[in-house]
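Okay, work04.cif is below, mmCIF, C-alpha atoms and all ligand atoms:
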data_structure
loop_
_atom_site.label_atom_id
_atom_site.label_comp_id
_atom_site.auth_asym_id
_atom_site.auth_seq_id
_atom_site.Cartn_x
_atom_site.Cartn_y
_atom_site.Cartn_z
CA MET P 1495 0.60 1.07 29.38
CA ARG P 1496 -1.86 1.78 26.59
CA LEU P 1497 -5.60 1.26 26.93
CA GLY P 1498 -7.80 0.91 23.88
CA ILE P 1499 -11.59 0.78 23.76
CA ASP P 1500 -13.72 -0.41 20.89
CA LEU P 1501 -17.06 1.31 21.41
CA GLY P 1502 -19.77 -0.33 19.34
CA GLY P 1503 -23.54 -0.35 19.32
CA THR P 1504 -23.79 -3.70 21.09
CA LYS P 1505 -20.52 -4.11 23.02
CA ILE P 1506 -17.72 -2.14 24.59
CA GLU P 1507 -14.35 -3.91 24.56
CA ILE P 1508 -11.21 -2.78 26.36
CA ILE P 1509 -7.64 -3.93 25.87
CA ALA P 1510 -4.46 -3.12 27.78
CA LEU P 1511 -1.17 -3.25 25.88
CA ASP P 1512 2.29 -2.91 27.36
CA ASP P 1513 4.79 -0.57 25.72
CA ALA P 1514 5.93 -3.32 23.34
CA GLY P 1515 2.34 -3.87 22.13
CA LYS P 1516 1.84 -7.12 24.04
CA GLU P 1517 -1.67 -7.75 25.32
CA ARG P 1518 -1.98 -7.70 29.12
CA LEU P 1519 -5.72 -7.86 29.56
CA ARG P 1520 -8.94 -7.73 27.61
CA ARG P 1521 -12.55 -7.39 28.74
CA ARG P 1522 -15.92 -6.93 27.07
CA ILE P 1523 -19.29 -5.65 28.32
CA PRO P 1524 -22.61 -5.02 26.57
CA THR P 1525 -23.18 -1.41 25.55
CA PRO P 1526 -25.88 0.14 27.79
CA GLN P 1527 -28.85 0.83 25.53
CA GLY P 1528 -30.56 4.15 25.37
CA SER P 1529 -28.78 6.68 27.53
CA TYR P 1530 -25.63 8.58 26.62
CA TYR P 1531 -24.90 9.11 30.32
CA ASP P 1532 -25.03 5.34 31.00
CA ILE P 1533 -22.55 4.68 28.17
CA LEU P 1534 -20.14 7.31 29.57
CA GLN P 1535 -20.34 5.80 33.05
CA ALA P 1536 -19.81 2.27 31.70
CA ILE P 1537 -16.65 3.35 29.85
CA ALA P 1538 -15.26 5.17 32.88
CA GLN P 1539 -15.98 2.21 35.18
CA LEU P 1540 -14.30 -0.20 32.74
CA VAL P 1541 -11.17 1.95 32.67
CA ARG P 1542 -11.09 2.29 36.48
CA ASP P 1543 -11.55 -1.46 36.99
CA VAL P 1544 -8.78 -2.40 34.55
CA GLU P 1545 -6.36 0.11 36.02
CA ALA P 1546 -7.12 -1.06 39.56
CA GLU P 1547 -6.48 -4.65 38.52
CA LEU P 1548 -3.20 -3.88 36.75
CA GLY P 1549 -2.11 -1.32 39.36
CA GLN P 1550 -1.20 1.22 36.72
CA GLN P 1551 -2.70 4.14 34.76
CA GLY P 1552 -2.61 4.09 30.98
CA SER P 1553 -3.13 6.35 28.00
CA LEU P 1554 -6.63 5.96 26.53
CA GLY P 1555 -7.79 5.73 22.93
CA ILE P 1556 -11.31 5.00 21.72
CA GLY P 1557 -12.34 3.63 18.35
CA THR P 1558 -15.97 3.98 17.32
CA PRO P 1559 -18.04 4.32 14.16
CA GLY P 1560 -18.45 7.95 13.11
CA ALA P 1561 -16.18 10.94 13.49
CA LEU P 1562 -15.76 13.98 15.70
CA SER P 1563 -17.10 17.12 14.05
CA ARG P 1564 -14.41 19.76 13.89
CA ALA P 1565 -17.07 22.45 14.04
CA THR P 1566 -18.78 21.28 17.23
CA GLY P 1567 -16.43 18.71 18.79
CA CYS P 1568 -19.39 16.33 18.94
CA LEU P 1569 -19.64 12.85 17.45
CA LYS P 1570 -21.37 12.51 14.06
CA ASN P 1571 -22.23 9.63 11.67
CA SER P 1572 -22.35 7.06 14.49
CA ASN P 1573 -24.71 4.12 14.25
CA SER P 1574 -25.14 4.38 18.04
CA VAL P 1575 -27.80 7.06 17.94
CA ALA P 1576 -27.37 7.93 21.64
CA LEU P 1577 -23.80 9.09 20.93
CA ASN P 1578 -24.51 11.34 17.95
CA GLY P 1579 -24.28 15.04 18.69
CA GLN P 1580 -22.68 14.41 22.09
CA PRO P 1581 -19.36 15.96 23.25
CA ILE P 1582 -18.06 12.51 24.19
CA LEU P 1583 -14.37 13.46 24.08
CA GLN P 1584 -14.77 16.42 26.47
CA ASP P 1585 -17.03 14.46 28.80
CA LEU P 1586 -14.68 11.47 29.04
CA GLU P 1587 -11.65 13.69 29.60
CA ALA P 1588 -13.48 15.40 32.45
CA LEU P 1589 -14.70 12.12 33.91
CA LEU P 1590 -11.33 10.34 33.73
CA GLN P 1591 -9.10 13.38 34.32
CA ARG P 1592 -6.79 12.76 31.38
CA LYS P 1593 -6.29 13.32 27.66
CA VAL P 1594 -8.38 10.90 25.54
CA GLN P 1595 -8.06 10.16 21.82
CA ILE P 1596 -11.07 9.21 19.72
CA ASN P 1597 -11.01 8.00 16.14
CA ASN P 1598 -13.10 6.12 13.62
CA ASP P 1599 -13.13 2.32 13.93
CA ALA P 1600 -11.97 1.70 10.34
CA ASN P 1601 -9.07 4.09 10.97
CA CYS P 1602 -8.21 2.11 14.12
CA PHE P 1603 -8.23 -1.10 12.08
CA ALA P 1604 -5.78 0.42 9.56
CA LEU P 1605 -3.56 1.74 12.37
CA SER P 1606 -3.42 -1.59 14.19
CA GLU P 1607 -2.43 -3.48 11.03
CA ALA P 1608 0.10 -0.78 10.12
CA MET P 1609 1.75 -0.73 13.56
CA ASP P 1610 2.43 -4.41 14.17
CA GLY P 1611 0.05 -6.35 11.94
CA ALA P 1612 -0.16 -7.45 8.32
CA ALA P 1613 1.03 -4.06 7.00
CA SER P 1614 3.79 -3.59 9.57
CA GLY P 1615 6.62 -1.42 8.25
CA ALA P 1616 4.68 -0.07 5.25
CA ALA P 1617 4.73 3.71 4.74
CA VAL P 1618 1.25 4.15 3.25
CA VAL P 1619 -1.52 1.73 4.25
CA PHE P 1620 -5.12 1.60 3.04
CA GLY P 1621 -7.10 -0.50 5.53
CA VAL P 1622 -10.44 -1.74 4.23
CA ILE P 1623 -13.37 -3.19 6.16
CA LEU P 1624 -15.56 -5.42 4.00
CA GLY P 1625 -18.36 -6.50 6.31
CA THR P 1626 -22.03 -5.64 6.70
CA GLY P 1627 -20.84 -2.20 5.55
CA VAL P 1628 -17.76 -1.03 3.67
CA GLY P 1629 -15.33 1.50 5.13
CA ALA P 1630 -11.64 2.26 5.07
CA GLY P 1631 -8.89 4.21 6.77
CA ILE P 1632 -5.53 5.62 5.67
CA VAL P 1633 -2.33 5.44 7.73
CA VAL P 1634 0.79 7.29 6.61
CA ASN P 1635 4.08 6.68 8.43
CA GLY P 1636 2.29 5.25 11.46
CA ARG P 1637 -0.26 8.07 11.75
CA ILE P 1638 -3.92 8.12 10.81
CA LEU P 1639 -4.79 10.60 8.09
CA THR P 1640 -7.98 12.22 9.36
CA GLY P 1641 -8.61 15.22 7.10
CA PRO P 1642 -10.47 18.50 7.67
CA ASN P 1643 -13.83 16.75 7.40
CA GLY P 1644 -12.83 13.72 9.45
CA ILE P 1645 -13.70 11.38 6.57
CA ALA P 1646 -10.36 10.45 4.93
CA GLY P 1647 -10.64 6.94 3.51
CA GLU P 1648 -14.45 6.93 3.45
CA TRP P 1649 -14.69 5.10 0.19
CA GLY P 1650 -17.76 2.89 0.52
CA HIS P 1651 -20.19 5.58 -0.65
CA ASN P 1652 -18.33 6.49 -3.82
CA PRO P 1653 -19.90 4.95 -6.92
CA LEU P 1654 -18.56 1.65 -8.26
CA PRO P 1655 -15.92 2.75 -10.81
CA TRP P 1656 -15.86 1.71 -14.48
CA PRO P 1657 -19.41 0.29 -14.23
CA GLN P 1658 -20.70 -2.17 -16.78
CA ALA P 1659 -24.15 -1.75 -18.33
CA HIS P 1660 -25.76 -4.38 -16.08
CA GLU P 1661 -24.37 -2.62 -12.98
CA LEU P 1662 -26.19 0.65 -13.67
CA PRO P 1663 -27.80 2.45 -11.94
CA GLY P 1664 -26.87 0.00 -9.16
CA PRO P 1665 -28.65 -1.06 -5.99
CA PRO P 1666 -30.14 1.64 -3.75
CA CYS P 1667 -28.02 2.51 -0.70
CA TYR P 1668 -29.17 3.65 2.74
CA CYS P 1669 -27.21 6.89 2.17
CA GLY P 1670 -29.75 7.92 -0.46
CA LYS P 1671 -27.59 7.28 -3.54
CA GLN P 1672 -27.54 4.31 -5.90
CA GLY P 1673 -24.64 2.08 -6.94
CA CYS P 1674 -22.34 2.85 -3.99
CA ILE P 1675 -19.30 0.58 -3.63
CA GLU P 1676 -20.83 -0.65 -0.36
CA THR P 1677 -23.91 -1.99 -2.15
CA PHE P 1678 -21.66 -4.22 -4.28
CA LEU P 1679 -18.86 -5.22 -1.89
CA SER P 1680 -20.57 -5.65 1.52
CA GLY P 1681 -21.65 -9.14 2.60
CA PRO P 1682 -25.37 -8.34 2.27
CA GLY P 1683 -24.55 -6.74 -1.12
CA MET P 1684 -23.00 -9.96 -2.39
CA THR P 1685 -26.01 -12.00 -1.27
CA LYS P 1686 -28.45 -9.57 -2.88
CA LEU P 1687 -26.63 -9.38 -6.22
CA HIS P 1688 -26.20 -13.14 -6.35
CA GLN P 1689 -29.94 -13.45 -5.83
CA ILE P 1690 -30.67 -11.01 -8.69
CA ASP P 1691 -28.17 -12.67 -11.04
CA THR P 1692 -29.54 -16.13 -10.26
CA LYS P 1693 -33.08 -15.05 -11.04
CA GLU P 1694 -31.95 -13.57 -14.35
CA SER P 1695 -29.90 -16.54 -15.50
CA VAL P 1696 -31.82 -19.59 -14.30
CA ARG P 1697 -35.34 -20.58 -15.21
CA PRO P 1698 -37.36 -20.48 -11.96
CA GLU P 1699 -38.39 -24.12 -12.25
CA LEU P 1700 -34.71 -25.16 -12.16
CA VAL P 1701 -33.95 -23.34 -8.91
CA GLU P 1702 -34.15 -25.73 -5.97
CA GLY P 1703 -36.38 -23.72 -3.67
CA LYS P 1704 -35.84 -20.28 -2.26
CA ASP P 1705 -32.63 -21.19 -0.40
CA SER P 1706 -30.50 -21.41 -3.52
CA LEU P 1707 -31.35 -17.77 -4.26
CA THR P 1708 -30.55 -16.24 -0.88
CA LEU P 1709 -27.12 -17.64 -0.15
CA SER P 1710 -24.76 -16.15 2.41
CA PRO P 1711 -21.32 -15.13 1.11
CA GLU P 1712 -19.84 -18.22 2.83
CA GLU P 1713 -22.28 -20.47 0.95
CA ILE P 1714 -21.56 -18.76 -2.38
CA VAL P 1715 -17.80 -19.28 -1.84
CA ALA P 1716 -18.30 -22.93 -0.86
CA ARG P 1717 -20.57 -23.70 -3.81
CA ALA P 1718 -18.20 -21.99 -6.25
CA GLU P 1719 -15.44 -24.24 -4.91
CA GLN P 1720 -17.61 -27.26 -5.60
CA GLY P 1721 -18.04 -26.19 -9.22
CA ASP P 1722 -21.40 -24.37 -9.14
CA ALA P 1723 -21.19 -22.18 -12.26
CA ILE P 1724 -23.56 -19.44 -11.08
CA CYS P 1725 -21.81 -19.09 -7.73
CA GLU P 1726 -18.47 -19.03 -9.53
CA ARG P 1727 -19.74 -16.21 -11.73
CA SER P 1728 -20.85 -14.27 -8.63
CA MET P 1729 -17.37 -14.74 -7.15
CA GLN P 1730 -15.70 -13.52 -10.33
CA ARG P 1731 -17.99 -10.51 -10.48
CA TYR P 1732 -17.19 -9.71 -6.84
CA GLU P 1733 -13.44 -9.97 -7.50
CA ASN P 1734 -13.71 -7.80 -10.59
CA ARG P 1735 -15.66 -5.12 -8.69
CA LEU P 1736 -13.22 -5.18 -5.78
CA ALA P 1737 -10.30 -4.88 -8.23
CA ARG P 1738 -11.91 -1.85 -9.93
CA SER P 1739 -12.75 -0.21 -6.60
CA LEU P 1740 -9.19 -0.68 -5.31
CA ALA P 1741 -7.61 0.41 -8.63
CA HIS P 1742 -9.42 3.70 -8.17
CA VAL P 1743 -7.82 4.07 -4.73
CA ILE P 1744 -4.37 3.06 -6.02
CA ASN P 1745 -4.58 5.74 -8.71
CA ILE P 1746 -5.12 8.42 -6.06
CA LEU P 1747 -3.26 7.23 -2.96
CA ASP P 1748 -0.73 4.73 -4.39
CA PRO P 1749 -0.49 2.79 -1.09
CA ASP P 1750 2.29 0.30 -0.33
CA VAL P 1751 -0.16 -2.13 1.23
CA ILE P 1752 -3.93 -2.63 1.13
CA VAL P 1753 -5.09 -4.73 4.07
CA LEU P 1754 -8.54 -6.28 4.18
CA GLY P 1755 -10.65 -6.84 7.31
CA GLY P 1756 -14.30 -7.65 8.04
CA GLY P 1757 -16.15 -10.87 7.27
CA MET P 1758 -15.53 -10.81 3.51
CA SER P 1759 -11.76 -10.61 4.08
CA ASN P 1760 -11.84 -14.31 5.01
CA ILE P 1761 -12.41 -15.24 1.35
CA GLU P 1762 -8.91 -16.53 0.63
CA ARG P 1763 -9.10 -16.44 -3.18
CA LEU P 1764 -9.38 -12.62 -3.17
CA TYR P 1765 -5.68 -12.25 -2.32
CA ALA P 1766 -4.53 -14.17 -5.41
CA ASN P 1767 -7.21 -13.09 -7.88
CA VAL P 1768 -7.78 -9.38 -7.25
CA PRO P 1769 -4.14 -8.28 -7.82
CA LYS P 1770 -4.21 -10.17 -11.15
CA LEU P 1771 -7.12 -7.96 -12.23
CA TRP P 1772 -6.46 -4.47 -10.84
CA GLY P 1773 -3.67 -3.73 -13.34
CA ASN P 1774 -6.42 -3.35 -15.97
CA TRP P 1775 -7.43 -0.06 -14.36
CA VAL P 1776 -4.33 1.21 -12.56
CA PHE P 1777 -2.59 3.93 -14.56
CA SER P 1778 0.87 2.37 -14.39
CA ASP P 1779 3.00 -0.13 -16.31
CA ARG P 1780 3.08 -2.38 -13.21
CA VAL P 1781 1.49 -2.49 -9.75
CA ASP P 1782 3.67 -3.23 -6.72
CA THR P 1783 0.96 -2.57 -4.13
CA ARG P 1784 0.43 -5.66 -1.95
CA LEU P 1785 -3.04 -6.95 -1.04
CA VAL P 1786 -2.94 -8.75 2.33
CA LYS P 1787 -5.28 -10.26 4.89
CA HIS P 1788 -5.55 -8.72 8.36
CA GLN P 1789 -3.43 -10.21 11.14
CA PHE P 1790 -5.59 -9.32 14.14
CA GLY P 1791 -9.09 -9.71 12.69
CA ASP P 1792 -11.83 -8.52 15.03
CA SER P 1793 -9.18 -7.41 17.54
CA SER P 1794 -7.71 -4.81 15.22
CA GLY P 1795 -10.24 -2.14 16.16
CA VAL P 1796 -9.49 -2.31 19.86
CA ARG P 1797 -5.72 -2.69 19.33
CA GLY P 1798 -5.70 0.31 17.00
CA ALA P 1799 -7.57 2.38 19.58
CA ALA P 1800 -4.79 1.63 22.07
CA TRP P 1801 -2.22 2.88 19.53
CA LEU P 1802 -4.03 6.22 19.02
ZN ZN T 1 -24.13 4.85 -0.15
#
Let me see the file written as structure tokens.
Ligand SMILES: [Zn+2]
Amino acid sequence: MRLGIDLGGTKIEIIALDDAGKERLRRRIPTPQGSYYDILQAIAQLVRDVEAELGQQGSLGIGTPGALSRATGCLKNSNSVALNGQPILQDLEALLQRKVQINNDANCFALSEAMDGAASGAAVVFGVILGTGVGAGIVVNGRILTGPNGIAGEWGHNPLPWPQAHELPGPPCYCGKQGCIETFLSGPGMTKLHQIDTKESVRPELVEGKDSLTLSPEEIVARAEQGDAICERSMQRYENRLARSLAHVINILDPDVIVLGGGMSNIERLYANVPKLWGNWVFSDRVDTRLVKHQFGDSSGVRGAAWL
């Protein structure tokens, strides 16, 4: 039996898979706020409860934002501040008396989709999360590529490639730079850029109130479908930027499959339109890389953790 845990800032989810990858049980609890020790105890209790219920011990993998520092063995870059700088792997191994695997949540997403999801059977997989942030992971022959810095696939804070004049210097990013891919391709990024473009292209008196400026990505997609020209332009700009950003990856990694996850991956038109565009920037006479939608959605993180 394989146990996977998705450790996030607001919830801890556990899944139990049998050896064939079939789900046996799944449970979710809120992440204790504040104390590192409380989070450790909550994880250990969750594992003990599930194993008692199923009458069996399992291997344990944990997916979480951030990465383990090779220098210190402690977690870094996590958005759960209580976990940063803590030797979580050592502590959990001591608490649960077994080997534990920990990896980045975007890497777990890529692994889950590569093992038995939308990229099943592909040798090289680039798994992308397009959500409130932008991240990615690389899986080669069923194994996560981690790298000496623990950041392989971290692509969201590279600059948007082949920028056009109106895209420079680009929106400010929380990382301290400007024009990061994340500022263009995240959900909040799309809303923000649509707002800026709308202000530039429409006389204020023609805009029907504030709401038409601050549209969610879902609303922009829906209005573009109904023929709204400005929303359609925002969609085309998004597709063009995603195509450029992925062409950059294809030129370096040349993956068999790119699988999209996160909220923005539910925009169906991306899968037809982006591959029609990326050939403009890929250094090849043709592009056989497939762009596919996730199979397991929000469950990929926890499934991938179980596969670690
Ligand atoms: Zn950034």
Surrounding residues of Gly1773 in chain P excluding itself and chain neighbours under 2 positions, 12 Å, only C-alpha atoms, as a PyMOL selection string: chain P and resi 1734+1737-1742+1744-1745+1767-1771+1775-1783
Throw together the list of residues within 12 Å of ligand ZN 1 (chain T), counting only C-alpha atoms and all ligand atoms, and drop it here as a PyMOL selection string. chain P and resi 1627-1629+1648-1654+1664-1680+1683
Can you tell me which residues surround range 1519-1528 of chain P at a distance of at most 6 Å, considering all atoms listed in the file, apart from same-chain residues fewer than 5 positions away, and format the answer as a list in words?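 Once the adjacent positions are removed, what remains is Thr1504, Lys1505, Ile1506, Glu1507, Ile1508, Ile1509, Ala1510 and Ile1533 of chain P.
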Given all atoms listed in the file as the basis, pick out the residue of P:Ser1606, P:Thr1692, P:Gln1591, P:Gln1584 nearest to Ala1799 in chain P.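 Under the stated criterion, the closest residue is P:Ser1606.
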Would you please work out which residue, of P:Ile1596, P:Ile1645, P:Val1743, P:Cys1602, is nearest to Ser1793 in chain P when using all atoms listed in the file? P:Cys1602
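The gap separating CA of Ala1617 in chain P from CA of Asp1750 in chain P is 6.6 Å, in Å to one decimal.
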Would you mind putting back N, CA, C and O atoms on range 1521-1534 of chain P, then writing it out as an mmCIF file, in the frame of the given file?
data_model
loop_
_atom_site.group_PDB
_atom_site.id
_atom_site.type_symbol
_atom_site.label_atom_id
_atom_site.label_comp_id
_atom_site.auth_asym_id
_atom_site.auth_seq_id
_atom_site.Cartn_x
_atom_site.Cartn_y
_atom_site.Cartn_z
ATOM 1 N N ARG P 1521 -11.251 -7.176 28.113
ATOM 2 C CA ARG P 1521 -12.550 -7.390 28.740
ATOM 3 C C ARG P 1521 -13.633 -6.818 27.844
ATOM 4 O O ARG P 1521 -13.381 -5.884 27.093
ATOM 5 N N ARG P 1522 -14.830 -7.354 27.949
ATOM 6 C CA ARG P 1522 -15.920 -6.930 27.070
ATOM 7 C C ARG P 1522 -17.218 -6.849 27.861
ATOM 8 O O ARG P 1522 -17.496 -7.740 28.659
ATOM 9 N N ILE P 1523 -17.971 -5.767 27.678
ATOM 10 C CA ILE P 1523 -19.290 -5.650 28.320
ATOM 11 C C ILE P 1523 -20.315 -5.224 27.275
ATOM 12 O O ILE P 1523 -19.945 -4.652 26.244
ATOM 13 N N PRO P 1524 -21.599 -5.510 27.510
ATOM 14 C CA PRO P 1524 -22.610 -5.020 26.570
ATOM 15 C C PRO P 1524 -22.743 -3.501 26.673
ATOM 16 O O PRO P 1524 -22.581 -2.945 27.763
ATOM 17 N N THR P 1525 -22.991 -2.852 25.552
ATOM 18 C CA THR P 1525 -23.180 -1.410 25.550
ATOM 19 C C THR P 1525 -24.545 -1.084 26.174
ATOM 20 O O THR P 1525 -25.558 -1.617 25.719
ATOM 21 N N PRO P 1526 -24.573 -0.244 27.230
ATOM 22 C CA PRO P 1526 -25.880 0.140 27.790
ATOM 23 C C PRO P 1526 -26.738 0.761 26.686
ATOM 24 O O PRO P 1526 -26.259 1.582 25.901
ATOM 25 N N GLN P 1527 -27.976 0.352 26.615
ATOM 26 C CA GLN P 1527 -28.850 0.830 25.530
ATOM 27 C C GLN P 1527 -29.624 2.062 25.980
ATOM 28 O O GLN P 1527 -30.106 2.126 27.097
ATOM 29 N N GLY P 1528 -29.670 3.012 25.103
ATOM 30 C CA GLY P 1528 -30.560 4.150 25.370
ATOM 31 C C GLY P 1528 -29.854 5.418 25.784
ATOM 32 O O GLY P 1528 -29.835 6.384 25.039
ATOM 33 N N SER P 1529 -29.223 5.407 26.968
ATOM 34 C CA SER P 1529 -28.780 6.680 27.530
ATOM 35 C C SER P 1529 -27.307 6.955 27.302
ATOM 36 O O SER P 1529 -26.441 6.116 27.572
ATOM 37 N N TYR P 1530 -27.007 8.127 26.814
ATOM 38 C CA TYR P 1530 -25.630 8.580 26.620
ATOM 39 C C TYR P 1530 -24.872 8.557 27.945
ATOM 40 O O TYR P 1530 -23.733 8.098 28.028
ATOM 41 N N TYR P 1531 -25.539 9.026 28.999
ATOM 42 C CA TYR P 1531 -24.900 9.110 30.320
ATOM 43 C C TYR P 1531 -24.491 7.713 30.810
ATOM 44 O O TYR P 1531 -23.400 7.528 31.348
ATOM 45 N N ASP P 1532 -25.345 6.719 30.584
ATOM 46 C CA ASP P 1532 -25.030 5.340 31.000
ATOM 47 C C ASP P 1532 -23.802 4.814 30.248
ATOM 48 O O ASP P 1532 -22.986 4.094 30.815
ATOM 49 N N ILE P 1533 -23.692 5.142 28.964
ATOM 50 C CA ILE P 1533 -22.550 4.680 28.170
ATOM 51 C C ILE P 1533 -21.263 5.319 28.711
ATOM 52 O O ILE P 1533 -20.246 4.637 28.893
ATOM 53 N N LEU P 1534 -21.312 6.622 29.001
ATOM 54 C CA LEU P 1534 -20.140 7.310 29.570
ATOM 55 C C LEU P 1534 -19.688 6.650 30.867
ATOM 56 O O LEU P 1534 -18.509 6.367 31.067
#
